[in-house]
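Trainee: One file: model38.tsv (TSV, C-alpha atoms).
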```tsv
chain	number	residue	atom	x	y	z
A	132	MET	CA	-7.68	7.21	14.46
A	133	LYS	CA	-7.14	3.59	15.51
A	134	PHE	CA	-3.52	2.45	15.39
A	135	GLY	CA	-2.34	-1.10	15.94
A	136	GLY	CA	1.40	-0.60	15.63
A	137	LEU	CA	4.29	1.83	15.27
A	138	GLN	CA	7.63	1.19	13.61
A	139	LYS	CA	9.74	3.95	15.06
A	140	LEU	CA	12.35	4.00	12.30
A	141	THR	CA	12.36	2.78	8.71
A	142	LEU	CA	14.70	3.47	5.82
A	143	LEU	CA	12.69	1.27	3.43
A	144	ASP	CA	9.00	2.16	3.68
A	145	TYR	CA	9.27	5.73	2.37
A	146	PRO	CA	11.66	6.15	-0.58
A	147	GLU	CA	14.56	8.52	0.18
A	148	HIS	CA	13.21	9.45	3.61
A	149	VAL	CA	14.11	8.62	7.19
A	150	ALA	CA	10.65	7.80	8.44
A	151	CYS	CA	8.41	6.00	10.88
A	152	THR	CA	5.39	3.85	10.03
A	153	LEU	CA	1.99	3.93	11.68
A	154	PHE	CA	-0.31	0.93	11.17
A	155	THR	CA	-4.07	1.58	11.18
A	156	ILE	CA	-6.58	-1.06	12.27
A	157	GLY	CA	-9.19	-2.49	9.91
A	158	CYS	CA	-9.48	-3.26	6.19
A	159	ASN	CA	-12.33	-3.71	3.73
A	160	LEU	CA	-10.51	-6.54	1.92
A	161	ARG	CA	-9.65	-10.09	2.99
A	162	CYS	CA	-6.67	-10.92	0.79
A	163	PRO	CA	-5.70	-14.54	1.58
A	164	PHE	CA	-1.98	-13.68	1.44
A	165	CYS	CA	-2.14	-10.58	3.66
A	166	HIS	CA	0.69	-10.55	6.21
A	167	ASN	CA	-1.14	-8.13	8.55
A	168	PHE	CA	-4.09	-10.36	9.44
A	169	SER	CA	-4.37	-9.05	13.01
A	170	LEU	CA	-4.63	-5.49	11.70
A	171	VAL	CA	-7.19	-6.47	9.08
A	172	VAL	CA	-9.60	-8.07	11.54
A	173	GLY	CA	-8.72	-5.89	14.53
A	174	ASN	CA	-7.38	-8.65	16.76
A	175	LEU	CA	-6.54	-6.30	19.62
A	176	ALA	CA	-4.94	-9.03	21.72
A	177	LYS	CA	-2.11	-9.28	19.20
A	178	LEU	CA	-1.72	-5.58	18.44
A	179	GLU	CA	0.26	-2.77	20.02
A	180	GLN	CA	-2.64	-0.37	20.49
A	181	ILE	CA	-1.55	3.25	20.14
A	182	THR	CA	-3.81	6.22	20.69
A	183	GLU	CA	-3.85	9.16	18.33
A	184	GLU	CA	-2.52	11.34	21.15
A	185	ASP	CA	0.40	8.97	21.73
A	186	ALA	CA	1.21	8.92	18.02
A	187	LEU	CA	1.23	12.72	17.81
A	188	ALA	CA	3.35	12.99	20.96
A	189	PHE	CA	5.91	10.61	19.44
A	190	LEU	CA	6.02	12.61	16.22
A	191	ARG	CA	6.54	15.88	18.08
A	192	LYS	CA	9.42	14.35	20.00
A	193	ARG	CA	11.07	12.96	16.84
A	194	SER	CA	10.49	15.95	14.55
A	195	LYS	CA	14.20	16.81	14.50
A	196	VAL	CA	15.18	13.25	13.57
A	197	LEU	CA	12.50	11.92	11.21
A	198	GLU	CA	11.59	13.35	7.80
A	199	GLY	CA	8.52	11.36	6.90
A	200	VAL	CA	5.56	9.44	8.23
A	201	CYS	CA	4.16	6.36	6.49
A	202	ILE	CA	0.51	5.66	7.19
A	203	THR	CA	-0.39	2.10	6.32
A	204	GLY	CA	-2.74	-0.62	7.49
A	205	GLY	CA	-5.04	-2.29	7.16
A	206	GLU	CA	-6.62	0.39	5.01
A	207	PRO	CA	-5.97	3.91	6.35
A	208	LEU	CA	-8.70	5.57	4.29
A	209	MET	CA	-11.32	3.68	6.31
A	210	GLN	CA	-10.43	5.86	9.29
A	211	ALA	CA	-12.91	8.70	9.81
A	212	GLY	CA	-10.36	11.04	11.38
A	213	ILE	CA	-7.53	10.58	8.91
A	214	LYS	CA	-7.72	14.07	7.39
A	215	GLN	CA	-7.57	15.83	10.75
A	216	PHE	CA	-4.74	13.57	11.89
A	217	ILE	CA	-2.61	14.20	8.79
A	218	GLU	CA	-3.23	17.94	9.07
A	219	GLN	CA	-1.55	17.84	12.48
A	220	VAL	CA	1.30	15.72	11.14
A	221	LYS	CA	1.90	18.15	8.26
A	222	GLN	CA	1.93	21.09	10.68
A	223	MET	CA	4.97	19.49	12.32
A	224	GLY	CA	6.79	19.62	8.99
A	225	TYR	CA	6.63	15.95	8.03
A	226	SER	CA	6.23	14.51	4.55
A	227	VAL	CA	3.45	11.93	4.46
A	228	LYS	CA	3.30	8.68	2.52
A	229	LEU	CA	-0.05	6.92	2.28
A	230	ASP	CA	-0.47	3.21	1.59
A	231	THR	CA	-3.89	2.32	0.18
A	232	ASN	CA	-5.72	-0.39	-1.70
A	233	GLY	CA	-7.50	2.24	-3.81
A	234	ALA	CA	-11.02	1.40	-2.66
A	235	TYR	CA	-11.77	4.96	-1.50
A	236	PRO	CA	-10.98	7.24	-4.49
A	237	ASN	CA	-12.94	10.23	-3.18
A	238	LYS	CA	-11.06	10.23	0.12
A	239	LEU	CA	-7.77	9.81	-1.73
A	240	ARG	CA	-8.58	12.73	-4.00
A	241	GLU	CA	-9.61	14.92	-1.05
A	242	LEU	CA	-6.35	14.32	0.85
A	243	VAL	CA	-4.18	14.89	-2.22
A	244	GLU	CA	-6.00	18.04	-3.28
A	245	CYS	CA	-5.68	19.44	0.25
A	246	ASN	CA	-1.89	18.99	-0.12
A	247	LEU	CA	-1.81	16.51	2.76
A	248	ILE	CA	-0.14	13.62	0.90
A	249	ASP	CA	3.32	13.66	-0.64
A	250	TYR	CA	3.56	10.06	-1.88
A	251	VAL	CA	1.02	7.30	-2.47
A	252	ALA	CA	1.70	3.57	-2.68
A	253	MET	CA	-1.32	1.76	-4.09
A	254	ASP	CA	-1.65	-2.00	-4.00
A	255	ILE	CA	-2.63	-3.61	-7.28
A	256	LYS	CA	-3.86	-7.05	-6.32
A	257	ASN	CA	-4.01	-8.68	-9.74
A	258	SER	CA	-5.60	-8.30	-13.16
A	259	ARG	CA	-9.06	-6.78	-13.04
A	260	GLU	CA	-10.65	-10.11	-13.95
A	261	LEU	CA	-9.11	-11.83	-10.90
A	262	TYR	CA	-9.56	-9.05	-8.36
A	263	ASN	CA	-12.41	-10.59	-6.37
A	264	LYS	CA	-10.67	-13.95	-6.11
A	265	THR	CA	-7.37	-12.35	-5.11
A	266	CYS	CA	-8.98	-10.01	-2.55
A	267	GLY	CA	-11.11	-12.70	-0.95
A	268	CYS	CA	-14.27	-10.60	-1.32
A	269	VAL	CA	-16.38	-8.67	-3.81
A	270	VAL	CA	-14.61	-5.48	-4.82
A	271	GLU	CA	-16.03	-2.32	-6.39
A	272	MET	CA	-13.72	-2.28	-9.40
A	273	GLU	CA	-15.04	1.10	-10.52
A	274	ASP	CA	-13.52	2.61	-7.36
A	275	ILE	CA	-10.22	0.77	-7.80
A	276	CYS	CA	-9.97	1.87	-11.43
A	277	SER	CA	-10.82	5.44	-10.47
A	278	SER	CA	-7.90	5.51	-8.02
A	279	VAL	CA	-5.56	4.03	-10.63
A	280	GLU	CA	-6.45	6.65	-13.21
A	281	TYR	CA	-6.25	9.45	-10.69
A	282	LEU	CA	-2.71	8.49	-9.70
A	283	LYS	CA	-1.66	7.93	-13.31
A	284	SER	CA	-2.66	11.54	-14.01
A	285	GLY	CA	0.40	12.62	-12.02
A	286	VAL	CA	-1.27	14.77	-9.38
A	287	VAL	CA	0.99	13.30	-6.69
A	288	ASP	CA	4.12	11.16	-6.66
A	289	TYR	CA	3.17	7.50	-6.46
A	290	GLU	CA	3.93	3.87	-7.04
A	291	PHE	CA	1.85	0.81	-7.80
A	292	ARG	CA	2.88	-2.44	-6.17
A	293	THR	CA	1.79	-6.05	-6.39
A	294	THR	CA	2.55	-8.86	-3.97
A	295	VAL	CA	3.15	-11.83	-6.26
A	296	THR	CA	2.03	-15.30	-5.25
A	297	GLY	CA	2.10	-18.67	-6.91
A	298	THR	CA	-1.51	-19.19	-5.93
A	299	PHE	CA	-3.19	-16.22	-7.60
A	300	HIS	CA	-0.76	-14.88	-10.21
A	301	SER	CA	0.40	-16.15	-13.59
A	302	ASP	CA	2.03	-14.92	-16.80
A	303	SER	CA	-1.41	-14.08	-18.15
A	304	SER	CA	-2.67	-12.20	-15.08
A	305	ILE	CA	0.54	-10.17	-14.82
A	306	GLU	CA	0.27	-9.23	-18.49
A	307	GLN	CA	-3.37	-8.21	-18.11
A	308	ALA	CA	-2.53	-6.12	-15.04
A	309	ALA	CA	0.36	-4.51	-16.91
A	310	LYS	CA	-1.91	-3.56	-19.81
A	311	TRP	CA	-4.29	-1.98	-17.29
A	312	LEU	CA	-1.44	0.00	-15.68
A	313	GLN	CA	0.14	1.06	-18.98
A	314	GLY	CA	1.48	4.61	-18.62
A	315	ALA	CA	2.20	4.23	-14.91
A	316	LYS	CA	5.25	5.95	-13.45
A	317	ARG	CA	6.52	2.87	-11.59
A	318	TRP	CA	5.36	-0.59	-10.59
A	319	TYR	CA	6.95	-2.87	-8.01
A	320	LEU	CA	6.50	-6.63	-8.05
A	321	GLN	CA	6.99	-7.79	-4.48
A	322	GLN	CA	7.93	-11.33	-3.51
A	323	PHE	CA	5.32	-12.92	-1.25
A	324	VAL	CA	6.64	-13.91	2.16
A	325	ASP	CA	4.67	-16.15	4.53
A	326	SER	CA	4.41	-14.21	7.79
A	327	GLY	CA	2.98	-17.20	9.62
A	328	GLU	CA	-0.28	-15.34	10.22
A	329	LEU	CA	-2.13	-15.52	6.92
A	330	ILE	CA	-5.84	-15.62	6.24
A	331	ASP	CA	-5.18	-18.66	4.03
A	332	SER	CA	-2.19	-20.75	5.08
A	333	THR	CA	-2.17	-22.63	1.76
A	334	VAL	CA	-0.96	-19.61	-0.23
A	335	VAL	CA	2.45	-20.15	-1.80
A	336	GLY	CA	5.03	-17.81	-3.28
A	337	VAL	CA	7.09	-17.81	-6.46
A	338	ASP	CA	10.80	-18.20	-7.04
A	339	VAL	CA	13.08	-15.40	-8.22
A	340	GLU	CA	13.23	-16.70	-11.78
A	341	THR	CA	9.45	-16.52	-12.03
A	342	LEU	CA	9.49	-12.97	-10.67
A	343	LYS	CA	12.08	-11.98	-13.26
A	344	ARG	CA	9.95	-13.49	-16.00
A	345	TYR	CA	6.95	-11.52	-14.76
A	346	GLN	CA	9.10	-8.39	-14.71
A	347	LYS	CA	9.99	-8.83	-18.39
A	348	ILE	CA	6.31	-9.31	-19.25
A	349	ALA	CA	5.32	-6.21	-17.31
A	350	GLU	CA	8.10	-4.04	-18.77
A	351	GLN	CA	6.46	-4.26	-22.18
A	352	TYR	CA	3.68	-2.02	-20.84
A	353	VAL	CA	5.19	-0.39	-17.73
A	354	PRO	CA	8.88	0.12	-18.53
A	355	ASN	CA	9.77	1.09	-14.96
A	356	THR	CA	8.79	-2.24	-13.40
A	357	GLN	CA	11.09	-3.27	-10.56
A	358	LEU	CA	11.38	-6.19	-8.17
A	359	ARG	CA	11.19	-5.67	-4.44
A	360	GLY	CA	11.88	-7.94	-1.47
A	361	VAL	CA	13.74	-10.49	-3.56
A	362	LYS	CA	15.97	-12.77	-1.49
```
Give the structure from this file in structure tokens form.
Mentor:
Amino acid sequence: MKFGGLQKLTLLDYPEHVACTLFTIGCNLRCPFCHNFSLVVGNLAKLEQITEEDALAFLRKRSKVLEGVCITGGEPLMQAGIKQFIEQVKQMGYSVKLDTNGAYPNKLRELVECNLIDYVAMDIKNSRELYNKTCGCVVEMEDICSSVEYLKSGVVDYEFRTTVTGTFHSDSSIEQAAKWLQGAKRWYLQQFVDSGELIDSTVVGVDVETLKRYQKIAEQYVPNTQLRGVK
């Protein structure tokens, strides 16, 4: 496992859990609005490189304090050793939350069916028609859709989430995405925040009123649509 950061304590990343967050290096997407650009491209000069052994040692030490471990990225399912790593984490008694873009449905299914994942947060970038543009690359939509349907089947607790921008999202794209996600347990619309280290510095956000309008559109198809990160 290749880690590029560790947040030692979070009360926000894993719902209802006192947790830490491990950031994996590398991603198959190039979303222009991504706030973890250094992780995506593996810019080691800007990352806090953490070995797998160091991560496990930290978790052993904090096992009486922390309840959960969030594994995010980048895209964690790109990591060849993720199953073996999570097996060790679960043996310590932790709950595990996985953040994923849904591009690796077979790996997702394997981890869930081995009872290694307790909660999944899957990024939904946009409507299916705008996925390539929003991701900054060609995406295998069959894989993304497979992950969506797998999670919607209820095999594991989950959420869908979308970072909303003024550059890539609109009333129409939100409605099309909502129709696609119809039947989902929950969907969070997250306000885009410029981290100062974007792939495309021209990306802009939306105001709160626009987010609320998008929420009302989405609620027609996914009743439990909530806003997140609203200032």
Trainee: Select from range 141-245 of chain A every residue with an atom at most 10 Å from any atom of range 291-296 of chain A, then for each give the shortest pair of atoms and their distance in Å to one decimal, using only C-alpha atoms, rows by chain and rising number, as CSV.
Mentor:
```
residue,atom,partner,partner_atom,distance
A:Phe164,CA,A:Thr296,CA,8.0
A:Cys165,CA,A:Thr294,CA,9.1
A:Asp230,CA,A:Phe291,CA,10.0
A:Thr231,CA,A:Phe291,CA,9.9
A:Asn232,CA,A:Phe291,CA,9.8
```
Trainee: Would you list the residues near (6.5, 2.3, -4.5) (no more than 8 Å away, in the coordinates of the file, using only C-alpha atoms) as a PDB file with C-alpha atoms, in the frame of the given file?
Mentor:
```
ATOM      1  CA  PRO A 146      11.660   6.150  -0.580  1.00  0.00           C
ATOM      2  CA  VAL A 251       1.020   7.300  -2.470  1.00  0.00           C
ATOM      3  CA  ALA A 252       1.700   3.570  -2.680  1.00  0.00           C
ATOM      4  CA  MET A 253      -1.320   1.760  -4.090  1.00  0.00           C
ATOM      5  CA  TYR A 289       3.170   7.500  -6.460  1.00  0.00           C
ATOM      6  CA  GLU A 290       3.930   3.870  -7.040  1.00  0.00           C
ATOM      7  CA  PHE A 291       1.850   0.810  -7.800  1.00  0.00           C
ATOM      8  CA  ARG A 292       2.880  -2.440  -6.170  1.00  0.00           C
ATOM      9  CA  ARG A 317       6.520   2.870 -11.590  1.00  0.00           C
ATOM     10  CA  TRP A 318       5.360  -0.590 -10.590  1.00  0.00           C
ATOM     11  CA  TYR A 319       6.950  -2.870  -8.010  1.00  0.00           C
TER      12      TYR A 319
END
```
Trainee: What's the separation between CA of Val279 in chain A and CA of Glu350 in chain A, in Å to one decimal place?
Mentor: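 Separation between CA of Val279 in chain A and CA of Glu350 in chain A: 17.8 Å.
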Trainee: Can you write out as JSON lines which residues of range 219-263 of chain A fall within 7 Å of range 298-310 of chain A, alongside each residue's closest atom pair and its distance in Å to one decimal, counting only C-alpha atoms and ordering rows by chain and ascending residue number?
Mentor:
```
{"residue": "A:Asn257", "atom": "CA", "partner": "A:Ala308", "partner_atom": "CA", "distance": 6.1}
{"residue": "A:Ser258", "atom": "CA", "partner": "A:Ala308", "partner_atom": "CA", "distance": 4.2}
{"residue": "A:Arg259", "atom": "CA", "partner": "A:Ala308", "partner_atom": "CA", "distance": 6.9}
```
Trainee: Between CA of Leu190 in chain A and CA of Asn174 in chain A, what is the distance in Å, rounded to a tenth?
Mentor: 25.1 Å
Trainee: Taking all atoms listed in the file into account, which of A:Tyr145, A:Lys192, A:Thr333, A:Gly135 comes nearest Gly173 in chain A?
Mentor: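 Closest residue, counting all atoms listed in the file: A:Gly135.
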Trainee: Rank nothing, just name the residue among A:Asp249, A:Pro163, A:Gly157, A:Leu143 nearest to Glu328 in chain A, using all atoms listed in the file.
Mentor: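 Looking only at the distances to Glu328 in chain A, the closest residue turns out to be A:Pro163.
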